[in-house]
$ cat protein.cif   # mmCIF, C-alpha atoms, pLDDT in the B column; chains and numbers go by the auth columns
data_coords
loop_
_atom_site.group_PDB
_atom_site.id
_atom_site.type_symbol
_atom_site.label_atom_id
_atom_site.label_comp_id
_atom_site.label_asym_id
_atom_site.label_seq_id
_atom_site.Cartn_x
_atom_site.Cartn_y
_atom_site.Cartn_z
_atom_site.B_iso_or_equiv
_atom_site.auth_seq_id
_atom_site.auth_asym_id
ATOM 1 C CA MET A 1 -13.521 10.325 11.136 63.00 1 A
ATOM 2 C CA PRO A 2 -12.127 7.130 12.606 63.00 2 A
ATOM 3 C CA THR A 3 -14.385 5.177 14.900 76.00 3 A
ATOM 4 C CA ARG A 4 -11.555 5.227 17.466 80.00 4 A
ATOM 5 C CA THR A 5 -10.232 8.185 19.449 85.00 5 A
ATOM 6 C CA LEU A 6 -6.710 9.475 18.898 88.00 6 A
ATOM 7 C CA GLU A 7 -5.718 8.016 22.269 90.00 7 A
ATOM 8 C CA GLU A 8 -7.059 4.602 21.229 89.00 8 A
ATOM 9 C CA LEU A 9 -5.197 4.824 17.930 89.00 9 A
ATOM 10 C CA ARG A 10 -1.966 5.837 19.655 92.00 10 A
ATOM 11 C CA SER A 11 -2.297 2.893 22.044 91.00 11 A
ATOM 12 C CA VAL A 12 -1.713 0.486 19.132 91.00 12 A
ATOM 13 C CA VAL A 13 1.359 2.302 17.751 95.00 13 A
ATOM 14 C CA GLY A 14 4.237 -0.157 17.830 95.00 14 A
ATOM 15 C CA THR A 15 2.056 -3.222 17.416 92.00 15 A
ATOM 16 C CA SER A 16 2.668 -5.578 14.526 93.00 16 A
ATOM 17 C CA ALA A 17 0.422 -7.816 12.451 90.00 17 A
ATOM 18 C CA ARG A 18 1.086 -10.446 9.807 91.00 18 A
ATOM 19 C CA THR A 19 -0.215 -9.001 6.537 90.00 19 A
ATOM 20 C CA ALA A 20 0.881 -11.529 3.905 92.00 20 A
ATOM 21 C CA GLU A 21 1.802 -15.200 3.733 94.00 21 A
ATOM 22 C CA GLY A 22 2.853 -17.494 0.911 95.00 22 A
ATOM 23 C CA LEU A 23 3.657 -14.844 -1.714 96.00 23 A
ATOM 24 C CA ARG A 24 5.379 -17.132 -4.212 96.00 24 A
ATOM 25 C CA ILE A 25 7.682 -15.492 -6.720 97.00 25 A
ATOM 26 C CA GLU A 26 6.844 -17.477 -9.864 97.00 26 A
ATOM 27 C CA ALA A 27 8.374 -16.991 -13.310 97.00 27 A
ATOM 28 C CA GLY A 28 5.031 -16.667 -15.082 97.00 28 A
ATOM 29 C CA LYS A 29 3.687 -14.136 -12.587 97.00 29 A
ATOM 30 C CA VAL A 30 6.911 -12.120 -12.769 98.00 30 A
ATOM 31 C CA ALA A 31 6.656 -11.992 -16.584 97.00 31 A
ATOM 32 C CA GLU A 32 2.964 -10.996 -16.385 97.00 32 A
ATOM 33 C CA PHE A 33 3.699 -8.264 -13.843 97.00 33 A
ATOM 34 C CA ALA A 34 6.581 -6.917 -15.942 98.00 34 A
ATOM 35 C CA ALA A 35 4.294 -6.809 -18.981 97.00 35 A
ATOM 36 C CA ALA A 36 1.571 -5.071 -16.962 97.00 36 A
ATOM 37 C CA ILE A 37 3.954 -2.279 -15.932 97.00 37 A
ATOM 38 C CA GLY A 38 5.352 -2.000 -19.451 97.00 38 A
ATOM 39 C CA ASP A 39 8.841 -3.285 -18.655 97.00 39 A
ATOM 40 C CA GLU A 40 10.131 -5.300 -21.600 96.00 40 A
ATOM 41 C CA SER A 41 13.526 -6.138 -20.071 97.00 41 A
ATOM 42 C CA PRO A 42 14.482 -9.775 -20.714 98.00 42 A
ATOM 43 C CA ILE A 43 15.780 -9.984 -17.151 98.00 43 A
ATOM 44 C CA TYR A 44 12.149 -10.671 -16.065 98.00 44 A
ATOM 45 C CA ARG A 45 11.639 -13.457 -18.607 97.00 45 A
ATOM 46 C CA ASP A 46 14.987 -15.191 -19.213 98.00 46 A
ATOM 47 C CA ALA A 47 16.930 -16.942 -16.437 97.00 47 A
ATOM 48 C CA ALA A 48 20.174 -16.868 -18.464 98.00 48 A
ATOM 49 C CA VAL A 49 19.953 -13.078 -18.828 98.00 49 A
ATOM 50 C CA ALA A 50 19.214 -12.757 -15.100 98.00 50 A
ATOM 51 C CA ARG A 51 22.292 -14.870 -14.228 97.00 51 A
ATOM 52 C CA GLU A 52 24.457 -12.833 -16.644 98.00 52 A
ATOM 53 C CA ARG A 53 23.399 -9.734 -14.698 97.00 53 A
ATOM 54 C CA GLY A 54 24.313 -11.245 -11.336 97.00 54 A
ATOM 55 C CA TYR A 55 21.017 -12.662 -10.080 97.00 55 A
ATOM 56 C CA GLU A 56 20.675 -16.236 -8.856 96.00 56 A
ATOM 57 C CA ALA A 57 17.303 -16.458 -10.662 98.00 57 A
ATOM 58 C CA ILE A 58 14.828 -14.202 -12.463 98.00 58 A
ATOM 59 C CA PRO A 59 14.218 -11.185 -10.201 98.00 59 A
ATOM 60 C CA ALA A 60 10.792 -9.767 -9.528 98.00 60 A
ATOM 61 C CA PRO A 61 10.160 -6.151 -10.570 97.00 61 A
ATOM 62 C CA LEU A 62 10.754 -3.753 -7.705 95.00 62 A
ATOM 63 C CA THR A 63 7.074 -3.185 -6.854 94.00 63 A
ATOM 64 C CA PHE A 64 6.014 -6.837 -7.258 96.00 64 A
ATOM 65 C CA THR A 65 5.280 -7.098 -3.520 95.00 65 A
ATOM 66 C CA ARG A 66 2.175 -4.950 -4.143 92.00 66 A
ATOM 67 C CA THR A 67 0.548 -8.200 -5.308 93.00 67 A
ATOM 68 C CA ALA A 68 0.529 -9.236 -1.632 91.00 68 A
ATOM 69 C CA GLU A 69 -2.592 -7.044 -1.392 86.00 69 A
ATOM 70 C CA PHE A 70 -4.586 -9.814 -3.080 86.00 70 A
ATOM 71 C CA PRO A 71 -6.812 -11.665 -0.575 86.00 71 A
ATOM 72 C CA ARG A 72 -5.207 -15.045 -1.318 87.00 72 A
ATOM 73 C CA TYR A 73 -2.052 -13.907 0.498 90.00 73 A
ATOM 74 C CA ARG A 74 -3.845 -12.508 3.560 85.00 74 A
ATOM 75 C CA PRO A 75 -3.641 -14.513 6.792 86.00 75 A
ATOM 76 C CA ALA A 76 -6.965 -15.749 8.155 80.00 76 A
ATOM 77 C CA GLU A 77 -6.696 -13.415 11.173 77.00 77 A
ATOM 78 C CA PHE A 78 -6.039 -10.311 9.012 73.00 78 A
ATOM 79 C CA VAL A 79 -8.108 -7.252 9.955 67.00 79 A
ATOM 80 C CA GLU A 80 -8.615 -4.298 7.601 65.00 80 A
ATOM 81 C CA PRO A 81 -7.114 -1.807 7.187 55.00 81 A
ATOM 82 C CA ARG A 82 -3.549 -2.996 7.024 62.00 82 A
ATOM 83 C CA GLY A 83 -3.972 -5.470 9.855 67.00 83 A
ATOM 84 C CA PHE A 84 -4.782 -2.985 12.641 79.00 84 A
ATOM 85 C CA GLY A 85 -8.531 -2.306 12.510 80.00 85 A
ATOM 86 C CA LEU A 86 -7.949 1.443 12.829 85.00 86 A
ATOM 87 C CA GLY A 87 -11.542 2.331 12.038 84.00 87 A
ATOM 88 C CA LEU A 88 -10.653 4.597 9.114 85.00 88 A
ATOM 89 C CA ASP A 89 -13.468 5.228 6.643 85.00 89 A
ATOM 90 C CA PRO A 90 -12.317 3.789 3.287 82.00 90 A
ATOM 91 C CA THR A 91 -14.508 6.284 1.392 85.00 91 A
ATOM 92 C CA THR A 92 -12.519 9.231 2.767 86.00 92 A
ATOM 93 C CA THR A 93 -9.073 7.632 3.156 87.00 93 A
ATOM 94 C CA LEU A 94 -6.275 8.494 0.763 89.00 94 A
ATOM 95 C CA HIS A 95 -2.987 6.741 0.109 88.00 95 A
ATOM 96 C CA GLY A 96 -0.701 9.637 0.954 90.00 96 A
ATOM 97 C CA GLU A 97 2.819 8.305 0.491 92.00 97 A
ATOM 98 C CA GLN A 98 4.756 5.123 -0.204 93.00 98 A
ATOM 99 C CA SER A 99 8.467 4.364 -0.154 95.00 99 A
ATOM 100 C CA TYR A 100 10.506 1.212 -0.617 96.00 100 A
ATOM 101 C CA GLU A 101 13.822 0.218 0.929 97.00 101 A
ATOM 102 C CA TYR A 102 15.361 -2.794 -0.797 97.00 102 A
ATOM 103 C CA HIS A 103 17.552 -5.195 1.173 98.00 103 A
ATOM 104 C CA ALA A 104 17.851 -8.055 -1.342 97.00 104 A
ATOM 105 C CA PRO A 105 16.197 -8.927 -4.648 97.00 105 A
ATOM 106 C CA ALA A 106 13.087 -11.092 -4.609 97.00 106 A
ATOM 107 C CA VAL A 107 13.747 -13.848 -7.133 98.00 107 A
ATOM 108 C CA VAL A 108 11.827 -16.719 -8.686 98.00 108 A
ATOM 109 C CA GLY A 109 11.617 -19.497 -6.117 97.00 109 A
ATOM 110 C CA ASP A 110 11.322 -17.181 -3.108 98.00 110 A
ATOM 111 C CA VAL A 111 8.252 -17.393 -0.907 98.00 111 A
ATOM 112 C CA LEU A 112 7.658 -14.193 1.021 98.00 112 A
ATOM 113 C CA SER A 113 5.694 -13.222 4.086 96.00 113 A
ATOM 114 C CA ALA A 114 5.123 -9.748 5.460 95.00 114 A
ATOM 115 C CA THR A 115 4.628 -8.182 8.856 94.00 115 A
ATOM 116 C CA ALA A 116 3.408 -4.619 9.274 93.00 116 A
ATOM 117 C CA THR A 117 4.002 -2.328 12.227 95.00 117 A
ATOM 118 C CA LEU A 118 1.933 0.743 12.960 95.00 118 A
ATOM 119 C CA THR A 119 4.696 3.316 13.445 96.00 119 A
ATOM 120 C CA GLY A 120 2.687 6.478 14.008 95.00 120 A
ATOM 121 C CA VAL A 121 -0.727 8.111 14.200 95.00 121 A
ATOM 122 C CA ARG A 122 -1.478 11.820 14.324 94.00 122 A
ATOM 123 C CA ARG A 123 -4.233 14.305 13.564 92.00 123 A
ATOM 124 C CA HIS A 124 -3.914 17.608 11.762 88.00 124 A
ATOM 125 C CA GLU A 125 -6.419 20.300 10.837 87.00 125 A
ATOM 126 C CA GLY A 126 -6.596 20.642 7.048 80.00 126 A
ATOM 127 C CA ASP A 127 -7.236 23.816 5.084 77.00 127 A
ATOM 128 C CA ARG A 128 -10.270 22.494 3.166 73.00 128 A
ATOM 129 C CA GLY A 129 -10.867 18.913 4.213 66.00 129 A
ATOM 130 C CA GLY A 130 -11.375 19.397 7.932 82.00 130 A
ATOM 131 C CA GLU A 131 -9.491 17.281 10.418 88.00 131 A
ATOM 132 C CA MET A 132 -7.190 14.643 8.930 90.00 132 A
ATOM 133 C CA THR A 133 -5.957 11.451 10.594 91.00 133 A
ATOM 134 C CA PHE A 134 -2.573 10.144 9.434 93.00 134 A
ATOM 135 C CA ALA A 135 -1.584 6.485 9.946 93.00 135 A
ATOM 136 C CA GLU A 136 2.004 5.473 9.175 95.00 136 A
ATOM 137 C CA ILE A 137 2.744 1.803 8.589 94.00 137 A
ATOM 138 C CA GLU A 138 6.000 -0.039 7.943 96.00 138 A
ATOM 139 C CA GLN A 139 5.714 -3.442 6.270 95.00 139 A
ATOM 140 C CA VAL A 140 8.705 -5.795 6.058 97.00 140 A
ATOM 141 C CA PHE A 141 8.733 -8.631 3.522 98.00 141 A
ATOM 142 C CA GLU A 142 10.977 -11.586 4.378 98.00 142 A
ATOM 143 C CA ASP A 143 11.905 -14.815 2.631 97.00 143 A
ATOM 144 C CA ARG A 144 11.487 -18.265 4.232 96.00 144 A
ATOM 145 C CA ALA A 145 14.863 -17.916 5.983 96.00 145 A
ATOM 146 C CA GLY A 146 13.699 -14.687 7.637 97.00 146 A
ATOM 147 C CA ARG A 147 15.986 -12.556 5.480 97.00 147 A
ATOM 148 C CA PRO A 148 14.470 -9.112 4.837 98.00 148 A
ATOM 149 C CA ILE A 149 13.793 -8.449 1.157 98.00 149 A
ATOM 150 C CA VAL A 150 12.016 -5.078 1.142 98.00 150 A
ATOM 151 C CA THR A 151 10.634 -2.614 3.674 98.00 151 A
ATOM 152 C CA VAL A 152 7.582 -0.672 2.513 96.00 152 A
ATOM 153 C CA ARG A 153 6.592 2.511 4.331 96.00 153 A
ATOM 154 C CA SER A 154 3.077 3.852 3.722 93.00 154 A
ATOM 155 C CA THR A 155 1.039 6.795 4.957 94.00 155 A
ATOM 156 C CA TYR A 156 -2.755 6.713 4.884 91.00 156 A
ATOM 157 C CA ILE A 157 -4.769 9.894 5.382 91.00 157 A
ATOM 158 C CA GLU A 158 -8.413 9.958 6.387 89.00 158 A
ATOM 159 C CA THR A 159 -10.179 13.277 5.828 88.00 159 A
ATOM 160 C CA GLU A 160 -13.442 14.548 7.316 81.00 160 A
ATOM 161 C CA GLY A 161 -14.504 15.353 3.786 67.00 161 A
ATOM 162 C CA ALA A 162 -13.211 17.865 1.312 57.00 162 A
ATOM 163 C CA GLU A 163 -15.132 20.965 0.430 56.00 163 A
ATOM 164 C CA VAL A 164 -15.787 21.570 -3.239 56.00 164 A
ATOM 165 C CA LEU A 165 -14.835 24.966 -4.656 55.00 165 A
ATOM 166 C CA ASP A 166 -17.437 26.445 -6.999 58.00 166 A
ATOM 167 C CA GLU A 167 -15.104 27.943 -9.596 62.00 167 A
ATOM 168 C CA SER A 168 -17.767 30.249 -11.053 62.00 168 A
ATOM 169 C CA SER A 169 -18.517 32.019 -7.758 57.00 169 A
ATOM 170 C CA GLY A 170 -15.375 31.268 -5.753 56.00 170 A
ATOM 171 C CA SER A 171 -17.520 30.009 -2.864 56.00 171 A
ATOM 172 C CA ARG A 172 -17.154 26.703 -1.099 54.00 172 A
ATOM 173 C CA ASP A 173 -19.891 24.139 -1.574 52.00 173 A
ATOM 174 C CA PRO A 174 -20.110 21.682 1.339 52.00 174 A
ATOM 175 C CA GLU A 175 -21.797 19.101 -0.876 54.00 175 A
ATOM 176 C CA PRO A 176 -19.871 17.222 -3.574 53.00 176 A
ATOM 177 C CA PRO A 177 -21.116 17.676 -7.129 52.00 177 A
ATOM 178 C CA ASP A 178 -23.643 15.239 -8.563 55.00 178 A
ATOM 179 C CA ALA A 179 -21.411 13.031 -10.720 50.00 179 A
ATOM 180 C CA GLU A 180 -24.386 11.356 -12.416 53.00 180 A
ATOM 181 C CA ALA A 181 -25.829 14.754 -13.399 46.00 181 A
ATOM 182 C CA ASP A 182 -22.436 15.747 -14.800 43.00 182 A
ATOM 183 C CA LEU A 183 -22.343 12.557 -16.873 42.00 183 A
ATOM 184 C CA ARG A 184 -25.836 13.216 -18.218 39.00 184 A
ATOM 185 C CA LEU A 185 -24.556 16.533 -19.568 39.00 185 A
ATOM 186 C CA LEU A 186 -21.954 14.806 -21.740 37.00 186 A
#

$ encode --input "protein.cif" --output "structure tokens"
Amino acid sequence: MPTRTLEELRSVVGTSARTAEGLRIEAGKVAEFAAAIGDESPIYRDAAVARERGYEAIPAPLTFTRTAEFPRYRPAEFVEPRGFGLGLDPTTTLHGEQSYEYHAPAVVGDVLSATATLTGVRRHEGDRGGEMTFAEIEQVFEDRAGRPIVTVRSTYIETEGAEVLDESSGSRDPEPPDAEADLRLL
């Protein structure tokens, strides 16, 4: 469970934190990212093709802003997780949902920064995992002129710990299986 009470968590709803700085959209990195996601479109490698399709420069693939997670783009004052120090246990926290709202294409030559806002926190009793804490965060990436490029909405879910169902007996085992023992059986 979080190290902070629900009231403490709710007290920071609406606060914002800088989560990325200096995310340069570079041609080589765009081409590498496109290759990594298996997109062979020449729009990510050839400026002439990009211009023919209406872009001012080579566009970044739609999820390129995920690279802002790398430490080199984090501001010095950044606090995990997601800039708010919510006290969620990373060993029991899941990435529950993610959505993107695009305002303008990120193109080669842009330098982006991002600010995240904690938009909601709630708790809910789960069927098998005990109490769950949900944290909803909205992150806006902007270019140097302050023009919004993409808004990313994410939900993180911390669980108390899931029970493991013993399929042979149908009973619930409060302890997770021994992964090393399972590997030794292979």

$ resolve_selection --input "protein.cif" --expression "the PyMOL selection byres ((chain A and resi 114) around 9)" --output "number ranges by chain"
A: 17-21, 23, 68, 112-113, 115-116, 139-143

$ closest_residue --input "protein.cif" --among "A:Thr91, A:Val49, A:Phe64, A:Arg74" --to "Glu26 of chain A" --atoms "only C-alpha atoms"
A:Phe64

$ atom_distance --input "protein.cif" --atom1 "atom CA of Arg4 of chain A" --atom2 "atom CA of Phe134 of chain A"
13.0 Å

$ closest_residue --input "protein.cif" --among "A:Thr65, A:Thr133, A:Thr119, A:Thr151" --to "Tyr100 of chain A" --atoms "all atoms listed in the file"
A:Thr151

$ closest_residue --input "protein.cif" --among "A:Glu136, A:Glu77, A:Asp46, A:Glu160" --to "Ala60 of chain A" --atoms "only C-alpha atoms"
A:Asp46

$ atom_distance --input "protein.cif" --atom1 "atom CA of Ala145 of chain A" --atom2 "atom CA of Tyr55 of chain A"
18.0 Å

$ resolve_selection --input "protein.cif" --expression "the PyMOL selection byres ((chain A and resi 30-37) around 10)" --output "list in words"
Ile25, Glu26, Ala27, Gly28, Lys29, Gly38, Asp39, Glu40, Ser41, Pro42, Ile43, Tyr44, Arg45, Asp46, Ile58, Pro59, Ala60, Pro61, Leu62, Thr63, Phe64, Thr67, Val107 and Val108 of chain A
